[in-house]
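This is coords_5.csv (CSV, C-alpha atoms).
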chain,number,residue,atom,x,y,z
A,1,MET,CA,123.3,-56.6,75.7
A,2,THR,CA,123.3,-52.8,74.9
A,3,ARG,CA,125.9,-50.4,76.1
A,4,TRP,CA,123.5,-48.7,78.4
A,5,ARG,CA,122.4,-51.9,80.0
A,6,LYS,CA,126.0,-52.9,80.6
A,7,ILE,CA,126.6,-49.5,82.2
A,8,LEU,CA,123.5,-49.9,84.4
A,9,LEU,CA,124.6,-53.4,85.4
A,10,PHE,CA,128.1,-52.2,86.2
A,11,LEU,CA,126.7,-49.4,88.4
A,12,SER,CA,124.3,-51.8,90.1
A,13,VAL,CA,127.1,-54.2,91.2
A,14,ILE,CA,129.9,-51.8,92.1
A,15,GLY,CA,130.1,-50.4,95.7
A,16,PRO,CA,131.2,-52.9,98.3
A,17,GLY,CA,134.8,-53.3,97.1
A,18,ILE,CA,135.4,-49.6,96.6
A,19,ILE,CA,133.8,-48.7,100.0
A,20,THR,CA,135.4,-51.4,102.0
A,21,ALA,CA,138.9,-50.7,100.8
A,22,ASN,CA,138.6,-46.9,101.0
A,23,ILE,CA,137.2,-46.8,104.4
A,24,ASP,CA,140.1,-48.9,105.6
A,25,ASN,CA,141.9,-45.5,105.3
A,26,ASP,CA,140.3,-44.4,108.5
A,27,ALA,CA,141.8,-42.1,111.3
A,28,GLY,CA,144.2,-44.8,112.4
A,29,GLY,CA,145.4,-45.6,108.8
A,30,ILE,CA,145.9,-41.9,108.0
A,31,THR,CA,147.9,-41.4,111.2
A,32,THR,CA,150.2,-44.4,110.2
A,33,TYR,CA,150.8,-43.0,106.7
A,34,SER,CA,151.3,-39.4,108.0
A,35,VAL,CA,153.8,-40.5,110.7
A,36,ALA,CA,155.7,-42.7,108.1
A,37,GLY,CA,156.2,-39.8,105.7
A,38,ALA,CA,157.1,-37.3,108.5
A,39,ARG,CA,159.6,-39.7,110.1
A,40,PHE,CA,161.3,-41.4,107.1
A,41,GLY,CA,160.4,-39.3,104.1
A,42,TYR,CA,159.8,-41.3,100.9
A,43,ALA,CA,161.7,-44.3,102.2
A,44,LEU,CA,158.6,-46.4,103.0
A,45,LEU,CA,156.7,-45.8,99.7
A,46,TRP,CA,157.9,-49.2,98.3
A,47,THR,CA,155.9,-51.0,101.0
A,48,LEU,CA,152.6,-50.0,99.3
A,49,ILE,CA,153.3,-52.3,96.2
A,50,PRO,CA,153.3,-55.7,98.1
A,51,THR,CA,150.6,-54.3,100.4
A,52,THR,CA,148.3,-53.6,97.5
A,53,ILE,CA,148.9,-57.1,96.0
A,54,ALA,CA,148.2,-58.7,99.4
A,55,LEU,CA,145.0,-56.6,99.8
A,56,ILE,CA,143.7,-57.5,96.3
A,57,VAL,CA,144.3,-61.3,96.9
A,58,ILE,CA,142.5,-61.4,100.3
A,59,GLN,CA,139.6,-59.1,99.3
A,60,GLU,CA,139.0,-61.0,96.0
A,61,MET,CA,138.6,-64.3,97.8
A,62,VAL,CA,136.2,-62.9,100.4
A,63,ALA,CA,134.1,-61.2,97.7
A,64,ARG,CA,134.0,-64.4,95.7
A,65,MET,CA,132.6,-66.3,98.7
A,66,GLY,CA,130.0,-63.6,99.2
A,67,VAL,CA,128.8,-63.9,95.6
A,68,VAL,CA,128.8,-67.7,95.4
A,69,THR,CA,127.3,-68.5,98.8
A,70,GLY,CA,125.1,-65.4,99.4
A,71,LYS,CA,126.2,-65.5,103.1
A,72,GLY,CA,128.5,-63.5,105.3
A,73,LEU,CA,131.9,-64.8,106.5
A,74,SER,CA,130.8,-65.3,110.2
A,75,ASP,CA,127.7,-67.1,109.0
A,76,LEU,CA,130.0,-69.6,107.1
A,77,ILE,CA,132.4,-70.0,110.0
A,78,ARG,CA,129.5,-70.8,112.4
A,79,GLU,CA,128.0,-73.4,110.0
A,80,HIS,CA,131.3,-75.2,109.4
A,81,TYR,CA,133.4,-74.7,112.6
A,82,GLY,CA,130.7,-74.5,115.3
A,83,VAL,CA,129.1,-71.9,117.5
A,84,ARG,CA,131.8,-72.0,120.2
A,85,ALA,CA,134.8,-71.0,118.0
A,86,THR,CA,132.6,-68.4,116.3
A,87,PHE,CA,131.4,-66.9,119.6
A,88,PHE,CA,134.9,-66.3,121.0
A,89,MET,CA,136.1,-64.8,117.7
A,90,MET,CA,133.1,-62.4,117.8
A,91,ILE,CA,133.8,-61.3,121.3
A,92,VAL,CA,137.4,-60.4,120.4
A,93,LEU,CA,136.3,-58.6,117.3
A,94,LEU,CA,133.6,-56.7,119.2
A,95,ILE,CA,136.3,-55.3,121.6
A,96,ALA,CA,138.7,-54.6,118.8
A,97,ASN,CA,136.1,-52.8,116.7
A,98,PHE,CA,134.9,-50.8,119.7
A,99,GLY,CA,138.4,-49.4,120.0
A,100,THR,CA,138.5,-48.6,116.3
A,101,THR,CA,135.2,-46.8,116.4
A,102,ILE,CA,136.5,-44.7,119.3
A,103,ALA,CA,139.6,-43.9,117.3
A,104,ASN,CA,137.4,-42.7,114.4
A,105,PHE,CA,135.2,-40.5,116.6
A,106,ALA,CA,138.4,-39.1,118.2
A,107,GLY,CA,139.7,-38.3,114.6
A,108,TRP,CA,136.4,-36.6,113.8
A,109,ALA,CA,136.6,-34.5,116.9
A,110,ALA,CA,140.2,-33.5,116.3
A,111,SER,CA,139.7,-32.6,112.7
A,112,MET,CA,136.7,-30.4,113.6
A,113,GLU,CA,138.7,-28.7,116.3
A,114,ILE,CA,141.2,-27.7,113.6
A,115,PHE,CA,138.4,-25.5,112.2
A,116,GLY,CA,137.6,-24.1,115.6
A,117,ILE,CA,134.4,-26.2,116.1
A,118,SER,CA,134.0,-27.8,119.6
A,119,LYS,CA,133.9,-31.6,119.8
A,120,TYR,CA,131.0,-31.2,122.3
A,121,ILE,CA,128.9,-30.0,119.4
A,122,MET,CA,130.3,-32.1,116.5
A,123,VAL,CA,130.7,-35.5,118.1
A,124,PRO,CA,127.0,-35.8,119.2
A,125,SER,CA,125.9,-34.3,115.9
A,126,GLY,CA,128.1,-36.7,113.9
A,127,ALA,CA,127.0,-39.7,115.9
A,128,PHE,CA,123.3,-38.9,115.5
A,129,LEU,CA,123.6,-38.4,111.7
A,130,VAL,CA,125.6,-41.7,111.4
A,131,TRP,CA,123.0,-43.5,113.4
A,132,LEU,CA,120.1,-42.0,111.5
A,133,LEU,CA,121.6,-42.9,108.1
A,134,VAL,CA,122.0,-46.6,108.9
A,135,THR,CA,118.9,-47.2,111.0
A,136,LYS,CA,116.5,-45.3,108.9
A,137,GLY,CA,118.0,-45.5,105.4
A,138,SER,CA,118.0,-48.4,102.9
A,139,TYR,CA,121.1,-50.4,101.9
A,140,ARG,CA,121.2,-48.7,98.5
A,141,MET,CA,120.9,-45.2,100.1
A,142,VAL,CA,123.7,-45.9,102.6
A,143,GLU,CA,125.9,-47.3,99.8
A,144,ARG,CA,125.4,-44.2,97.6
A,145,VAL,CA,126.3,-41.9,100.5
A,146,LEU,CA,129.4,-43.9,101.2
A,147,LEU,CA,130.5,-43.9,97.5
A,148,VAL,CA,130.0,-40.2,97.2
A,149,ALA,CA,131.9,-39.6,100.4
A,150,CYS,CA,134.8,-41.8,99.1
A,151,LEU,CA,135.4,-39.0,96.4
A,152,ILE,CA,136.5,-36.7,99.2
A,153,TYR,CA,139.6,-38.9,99.7
A,154,LEU,CA,140.8,-37.3,96.4
A,155,GLY,CA,141.7,-34.3,98.7
A,156,TYR,CA,144.8,-36.2,99.7
A,157,ILE,CA,146.0,-36.4,96.1
A,158,PHE,CA,145.5,-32.7,95.6
A,159,SER,CA,147.3,-32.0,98.9
A,160,GLY,CA,150.2,-34.2,97.9
A,161,VAL,CA,150.6,-32.5,94.5
A,162,MET,CA,150.3,-29.0,96.1
A,163,SER,CA,153.2,-29.9,98.5
A,164,GLY,CA,155.6,-29.8,95.5
A,165,PRO,CA,157.2,-33.2,95.8
A,166,ASP,CA,160.5,-34.5,94.2
A,167,TRP,CA,159.0,-36.9,91.7
A,168,GLY,CA,162.4,-38.5,90.8
A,169,ALA,CA,163.0,-39.5,94.4
A,170,ILE,CA,159.4,-40.7,94.6
A,171,VAL,CA,159.8,-43.1,91.7
A,172,LYS,CA,163.1,-44.4,93.0
A,173,ASN,CA,161.8,-45.1,96.5
A,174,THR,CA,158.6,-46.7,95.1
A,175,PHE,CA,160.4,-49.3,93.1
A,176,VAL,CA,163.7,-49.7,95.0
A,177,PRO,CA,163.1,-50.9,98.5
A,178,THR,CA,164.9,-49.2,101.4
A,179,ILE,CA,165.4,-51.1,104.7
A,180,LYS,CA,166.7,-49.5,107.9
A,181,TRP,CA,167.3,-51.7,110.8
A,182,GLU,CA,165.7,-49.4,113.3
A,183,THR,CA,162.8,-50.4,115.5
A,184,GLU,CA,160.6,-47.5,114.5
A,185,PHE,CA,161.3,-48.1,110.8
A,186,ILE,CA,160.4,-51.8,111.1
A,187,MET,CA,157.3,-51.0,113.2
A,188,LEU,CA,156.0,-48.5,110.6
A,189,THR,CA,156.7,-51.0,107.8
A,190,ILE,CA,154.6,-53.6,109.5
A,191,ALA,CA,152.0,-51.0,110.6
A,192,ILE,CA,151.5,-49.9,107.0
A,193,VAL,CA,150.6,-53.5,106.1
A,194,GLY,CA,148.6,-54.1,109.3
A,195,THR,CA,146.5,-50.9,108.9
A,196,THR,CA,145.6,-51.9,105.3
A,197,ILE,CA,144.4,-55.4,105.9
A,198,THR,CA,142.1,-55.8,109.0
A,199,PRO,CA,139.7,-58.4,110.2
A,200,TRP,CA,136.6,-56.2,110.1
A,201,MET,CA,137.1,-55.6,106.3
A,202,GLN,CA,136.7,-59.2,105.5
A,203,PHE,CA,133.4,-59.5,107.3
A,204,TYR,CA,132.0,-56.2,106.0
A,205,LEU,CA,132.9,-56.9,102.4
A,206,GLN,CA,131.3,-60.4,102.3
A,207,SER,CA,128.2,-59.3,104.3
A,208,SER,CA,127.6,-56.3,102.1
A,209,ILE,CA,128.0,-58.3,98.9
A,210,ALA,CA,125.6,-60.9,100.3
A,211,GLU,CA,123.0,-58.3,101.3
A,212,LYS,CA,123.3,-56.6,97.9
A,213,GLY,CA,122.5,-59.9,96.3
A,214,VAL,CA,125.3,-59.9,93.6
A,215,LYS,CA,124.8,-62.9,91.2
A,216,LYS,CA,127.5,-65.3,90.1
A,217,GLU,CA,127.1,-64.2,86.5
A,218,ASN,CA,128.0,-60.7,87.6
A,219,TYR,CA,131.1,-61.7,89.6
A,220,LYS,CA,133.6,-60.2,87.0
A,221,ILE,CA,132.1,-56.8,87.8
A,222,SER,CA,132.3,-57.4,91.5
A,223,LYS,CA,136.0,-58.5,91.1
A,224,LEU,CA,136.7,-55.3,89.2
A,225,ASP,CA,135.0,-53.4,92.0
A,226,VAL,CA,137.4,-55.0,94.5
A,227,VAL,CA,140.5,-54.4,92.5
A,228,VAL,CA,139.7,-50.8,91.7
A,229,GLY,CA,138.9,-50.2,95.4
A,230,CYS,CA,142.2,-51.7,96.5
A,231,LEU,CA,144.2,-49.7,94.0
A,232,ILE,CA,142.4,-46.4,95.0
A,233,THR,CA,143.0,-46.9,98.7
A,234,ASP,CA,146.7,-47.4,98.3
A,235,ILE,CA,147.0,-44.5,95.9
A,236,ILE,CA,145.5,-42.4,98.6
A,237,ALA,CA,148.0,-43.8,101.1
A,238,PHE,CA,150.8,-43.1,98.7
A,239,PHE,CA,149.9,-39.4,98.5
A,240,ILE,CA,149.4,-39.1,102.3
A,241,ILE,CA,153.0,-40.3,102.7
A,242,ILE,CA,154.2,-38.0,99.9
A,243,THR,CA,152.5,-35.0,101.5
A,244,CYS,CA,154.2,-35.4,104.9
A,245,ALA,CA,157.5,-36.6,103.4
A,246,THR,CA,157.8,-33.5,101.3
A,247,THR,CA,156.7,-30.9,103.9
A,248,LEU,CA,157.5,-32.2,107.3
A,249,PHE,CA,160.4,-34.7,106.9
A,250,PRO,CA,163.0,-32.1,105.6
A,251,HIS,CA,162.3,-29.9,108.6
A,252,GLY,CA,162.5,-32.7,111.2
A,253,ILE,CA,159.0,-32.2,112.3
A,254,ARG,CA,157.8,-35.2,114.3
A,255,ILE,CA,154.1,-36.0,114.6
A,256,ASN,CA,152.0,-38.6,116.4
A,257,GLU,CA,148.5,-37.9,115.1
A,258,ALA,CA,147.1,-37.1,111.6
A,259,GLN,CA,145.5,-33.8,112.8
A,260,GLU,CA,149.1,-32.6,113.8
A,261,ALA,CA,150.1,-33.3,110.2
A,262,ALA,CA,147.2,-31.1,108.9
A,263,LEU,CA,148.2,-28.2,111.1
A,264,ALA,CA,152.0,-28.6,110.4
A,265,LEU,CA,151.4,-28.5,106.6
A,266,ARG,CA,150.2,-24.9,106.6
A,267,PRO,CA,153.5,-23.1,106.6
A,268,PHE,CA,155.1,-25.4,104.1
A,269,ALA,CA,152.4,-26.4,101.6
A,270,GLY,CA,150.0,-23.5,102.1
A,271,GLN,CA,146.6,-23.1,103.7
A,272,TYR,CA,144.7,-24.9,101.0
A,273,ALA,CA,146.8,-28.1,101.2
A,274,SER,CA,146.3,-28.0,105.0
A,275,ILE,CA,142.5,-27.5,104.7
A,276,LEU,CA,142.3,-30.4,102.2
A,277,PHE,CA,144.2,-32.7,104.5
A,278,ALA,CA,142.0,-31.8,107.5
A,279,VAL,CA,138.7,-32.1,105.5
A,280,SER,CA,139.8,-35.5,104.2
A,281,LEU,CA,140.7,-36.6,107.7
A,282,ALA,CA,137.2,-35.6,109.0
A,283,ASN,CA,135.6,-37.5,106.1
A,284,ALA,CA,137.7,-40.6,106.7
A,285,SER,CA,136.9,-40.6,110.4
A,286,ILE,CA,133.2,-40.2,110.0
A,287,LEU,CA,133.1,-42.9,107.3
A,288,GLY,CA,135.0,-45.2,109.6
A,289,ALA,CA,132.5,-44.5,112.4
A,290,ILE,CA,129.7,-45.6,110.0
A,291,VAL,CA,131.2,-48.8,108.6
A,292,VAL,CA,133.2,-50.3,111.5
A,293,PRO,CA,130.2,-50.6,113.8
A,294,LEU,CA,128.1,-51.7,110.8
A,295,SER,CA,130.5,-54.6,110.1
A,296,THR,CA,130.4,-55.5,113.8
A,297,ALA,CA,126.6,-55.7,113.8
A,298,TYR,CA,126.7,-57.8,110.7
A,299,TYR,CA,129.1,-60.4,111.9
A,300,ILE,CA,127.8,-60.8,115.4
A,301,CYS,CA,124.2,-61.3,114.1
A,302,GLU,CA,125.3,-63.7,111.4
A,303,ALA,CA,127.4,-65.7,113.9
A,304,MET,CA,124.4,-66.0,116.3
A,305,GLY,CA,121.9,-66.7,113.6
A,306,TRP,CA,120.0,-63.4,114.1
A,307,GLU,CA,118.4,-61.3,111.4
A,308,ALA,CA,120.8,-58.7,110.0
A,309,GLY,CA,120.8,-56.0,107.3
A,310,VAL,CA,120.5,-52.3,106.7
A,311,ASN,CA,117.2,-52.9,104.8
A,312,LYS,CA,115.6,-54.2,107.9
A,313,SER,CA,113.8,-52.3,110.7
A,314,PHE,CA,114.3,-52.3,114.4
A,315,LYS,CA,111.3,-54.7,114.7
A,316,GLU,CA,112.7,-57.0,112.0
A,317,ALA,CA,116.3,-57.1,113.2
A,318,PRO,CA,116.4,-55.8,116.8
A,319,GLN,CA,119.8,-57.3,117.7
A,320,PHE,CA,121.5,-55.8,114.6
A,321,MET,CA,120.1,-52.3,115.2
A,322,TRP,CA,120.8,-52.3,118.9
A,323,ILE,CA,124.4,-53.5,118.5
A,324,TYR,CA,125.0,-50.7,116.0
A,325,THR,CA,123.3,-48.1,118.2
A,326,ALA,CA,125.2,-49.2,121.3
A,327,LEU,CA,128.6,-49.0,119.6
A,328,ILE,CA,127.9,-45.5,118.2
A,329,VAL,CA,126.5,-44.1,121.5
A,330,VAL,CA,129.1,-45.5,123.8
A,331,SER,CA,132.1,-44.7,121.5
A,332,ALA,CA,130.9,-41.1,121.1
A,333,LEU,CA,130.3,-40.6,124.8
A,334,LEU,CA,133.8,-41.9,125.7
A,335,VAL,CA,135.4,-39.4,123.3
A,336,LEU,CA,133.6,-36.6,125.1
A,337,ILE,CA,134.7,-37.7,128.6
A,338,PRO,CA,137.8,-35.8,129.8
A,339,GLY,CA,140.6,-38.2,130.8
A,340,ALA,CA,139.0,-41.3,129.3
A,341,PRO,CA,141.6,-43.9,128.4
A,342,LEU,CA,141.3,-43.4,124.6
A,343,VAL,CA,144.9,-44.2,123.8
A,344,LEU,CA,144.8,-47.4,125.8
A,345,LEU,CA,141.6,-48.5,124.0
A,346,MET,CA,143.1,-47.8,120.6
A,347,ILE,CA,146.3,-49.7,121.4
A,348,LEU,CA,144.2,-52.6,122.7
A,349,SER,CA,142.2,-52.5,119.5
A,350,SER,CA,145.3,-52.7,117.3
A,351,LEU,CA,146.7,-55.6,119.3
A,352,LEU,CA,143.4,-57.6,119.2
A,353,ASN,CA,143.1,-57.0,115.4
A,354,GLY,CA,146.7,-58.2,115.0
A,355,ILE,CA,146.0,-61.3,117.0
A,356,LEU,CA,142.8,-62.1,115.3
A,357,LEU,CA,143.8,-61.5,111.6
A,358,PRO,CA,145.7,-64.8,111.1
A,359,PHE,CA,142.7,-66.8,112.4
A,360,VAL,CA,140.2,-64.9,110.1
A,361,LEU,CA,142.5,-65.4,107.1
A,362,ILE,CA,143.0,-69.1,107.8
A,363,PHE,CA,139.2,-69.6,108.1
A,364,ALA,CA,138.6,-67.7,104.9
A,365,LEU,CA,141.2,-69.8,102.9
A,366,SER,CA,139.8,-73.0,104.3
A,367,LEU,CA,136.3,-72.0,103.3
A,368,VAL,CA,137.2,-70.7,99.8
A,369,ASN,CA,138.9,-74.1,99.1
A,370,ASN,CA,135.9,-76.2,100.2
A,371,LYS,CA,134.3,-77.6,97.1
A,372,ARG,CA,131.0,-78.3,98.9
A,373,ILE,CA,130.7,-74.6,99.6
A,374,MET,CA,132.4,-73.0,96.5
A,375,GLY,CA,132.0,-75.7,93.8
A,376,LYS,CA,134.0,-74.7,90.7
A,377,TYR,CA,134.8,-71.3,92.3
A,378,ILE,CA,137.5,-72.6,94.6
A,379,ASN,CA,141.0,-71.2,94.3
A,380,SER,CA,143.3,-72.5,91.6
A,381,LYS,CA,146.7,-74.0,92.6
A,382,GLY,CA,148.6,-70.9,91.5
A,383,TYR,CA,146.2,-68.6,93.3
A,384,ASN,CA,146.5,-70.7,96.5
A,385,TYR,CA,150.3,-70.4,96.4
A,386,ILE,CA,149.9,-66.6,96.3
A,387,ALA,CA,147.1,-66.6,98.9
A,388,TRP,CA,148.8,-68.8,101.4
A,389,GLY,CA,152.1,-67.0,100.8
A,390,THR,CA,150.3,-63.7,101.5
A,391,VAL,CA,148.8,-65.2,104.7
A,392,VAL,CA,152.1,-66.5,106.0
A,393,ILE,CA,153.8,-63.1,105.4
A,394,LEU,CA,150.9,-61.3,107.1
A,395,ILE,CA,151.0,-63.6,110.1
A,396,SER,CA,154.8,-63.1,110.3
A,397,LEU,CA,154.5,-59.4,110.1
A,398,THR,CA,151.6,-59.3,112.6
A,399,THR,CA,153.6,-61.4,115.1
A,400,ALA,CA,156.6,-59.2,114.7
A,401,LEU,CA,154.4,-56.1,115.3
A,402,LEU,CA,152.9,-57.6,118.4
A,403,VAL,CA,156.3,-58.5,119.8
A,404,LEU,CA,157.6,-55.0,119.1
A,405,SER,CA,154.5,-53.4,120.6
A,406,VAL,CA,154.7,-55.2,123.9
A,407,ALA,CA,158.5,-55.5,124.2
A,408,PRO,CA,160.2,-53.2,126.6
A,409,LYS,CA,161.8,-50.2,124.9
A,410,GLY,CA,165.6,-49.8,125.0
A,411,ASN,CA,167.3,-46.6,125.9

Translate the structure described by the file into structure tokens.
Amino acid sequence: MTRWRKILLFLSVIGPGIITANIDNDAGGITTYSVAGARFGYALLWTLIPTTIALIVIQEMVARMGVVTGKGLSDLIREHYGVRATFFMMIVLLIANFGTTIANFAGWAASMEIFGISKYIMVPSGAFLVWLLVTKGSYRMVERVLLVACLIYLGYIFSGVMSGPDWGAIVKNTFVPTIKWETEFIMLTIAIVGTTITPWMQFYLQSSIAEKGVKKENYKISKLDVVVGCLITDIIAFFIIITCATTLFPHGIRINEAQEAALALRPFAGQYASILFAVSLANASILGAIVVPLSTAYYICEAMGWEAGVNKSFKEAPQFMWIYTALIVVSALLVLIPGAPLVLLMILSSLLNGILLPFVLIFALSLVNNKRIMGKYINSKGYNYIAWGTVVILISLTTALLVLSVAPKGN
């Protein structure tokens, strides 16, 4: 095979892994990393190393299933565990993703208001363009737009460098774990892991690989796509924490939202760093508003045996297109309603995602080790030890986060 053919093959396969991992850094994820840096400085940087390993392990298994079976995860769950179990899982995921979509439109609105543009103009405009891209564009076109938009995440790296960080302290805190037995520190430690590995990612990645039609002989490229995507997304998270740790933490500035971080950066890191942070937040929010509803439409239609896919029209896949449309329209409208319970819906979304993640991962591990489904592509023993260990840790952390979230706060 010539060098140019290899390059063209590589470019034809990459996409799903990079897009899925990067768009996991949505408005909610950016808020988590920003708060972590502002509240505890560089102390939580070490958490990104085990988080990246866990993300690569989980995403690689799901991608492998998509390549080998040519089917989405919910499709496989329905075939092997029945319609009833799949139906209840889809209902919980629908509610959870609805809250996540609202969070992304809220992030888009807030980032636009930083530039003095009204949310009553930008939310409807953004929602319409998002809807138009997916319902009228092809899979390849949507993927190209998402890949190009992923480049804007580099703004967080530039913002971090411009903040003038202490690289010696960064190296130390990255490789020497710091643990503080404080409720907020523990919650943020767990939240960093929880915001990086979510149920919707597993469904979207496998469905997009299946729709793209990646062949078994090209799986090595698909695996590289996944690994690169996971590394990039956590490098971005790394620099978000650095930016807020360098500029906000020394001054004791507390924040609750990512847009507050963008505004607070200006006097300490300069106007350009602040603008880069805000633009990157806007980009992350609108990308999340595209992909999270898309993943929802994928897995509900696969679970119910309905036609699904970006390449299909309203006539060919009406349920898929209408589910996507409804999520976009209702989420955008809620963000525009004064006094709407957005915070409650976002918290509910996080809780439901936390509850559901263990079930999704157990189903995925059970399916990937089924020889009738995967043949010679099942996990090796060593890989299973790592995978099950990752799942047990994630379940433990998720349980702890749920307990801390609902437990009454002390004085």

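Comparing the minimum interatomic distances between Ala317 in chain A and each of A:Asp26, A:Pro338, A:Thr135, A:Tyr204, counting only C-alpha atoms, we find that A:Thr135 sits nearest.
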
Need to verify the contact set: Ser380 in chain A, 12 Å, only C-alpha atoms, exclusion of same-chain residues closer than 6 positions in sequence. Can you return it as a compact mmCIF listing (two decimals) with C-alpha atoms, keeping the file's coordinate frame?
# COMPACT_ATOMS: atom_id res chain seq x y z
CA MET A 61 138.60 -64.30 97.80
CA LEU A 365 141.20 -69.80 102.90
CA VAL A 368 137.20 -70.70 99.80
CA ASN A 369 138.90 -74.10 99.10
CA ASN A 370 135.90 -76.20 100.20
CA LYS A 371 134.30 -77.60 97.10
CA MET A 374 132.40 -73.00 96.50
CA ILE A 386 149.90 -66.60 96.30
CA ALA A 387 147.10 -66.60 98.90
CA TRP A 388 148.80 -68.80 101.40

task: Mind listing whatever residues come within 8 Å of the point (130.5, -40.2, 116.4)? Use only C-alpha atoms, file coordinates, and give them as a ChimeraX atom specification.
output: /A:104-105,108,123-128,130,286,289,328-329,331-332

message: I need the residue nearest Leu356 in chain A from this list: A:Cys230, A:Val83, A:Val68, A:Val92. Use all atoms listed in the file for the distance.
response: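 When distances to Leu356 in chain A are compared using all atoms listed in the file, the smallest one comes from A:Val92.
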
query: Please, what distance in Å, to one decimal, runs between CA of Leu154 in chain A and CA of Ala27 in chain A?
result: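 Interatomic distance, CA of Leu154 in chain A to CA of Ala27 in chain A: 15.7 Å.
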
- prompt: With all atoms listed in the file as the atoms that count, which of A:Leu93, A:Gly309, A:Phe320, A:Gly37 lies nearest to Val142 in chain A?
  reply: A:Gly309

field: Shortest interatomic distance to Val228 in chain A - which of A:Ile56, A:Ile253, A:Leu44, A:Asp75, counting all atoms listed in the file
entry: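 Among A:Ile56, A:Ile253, A:Leu44, A:Asp75, it is A:Ile56 that comes nearest to Val228 in chain A.
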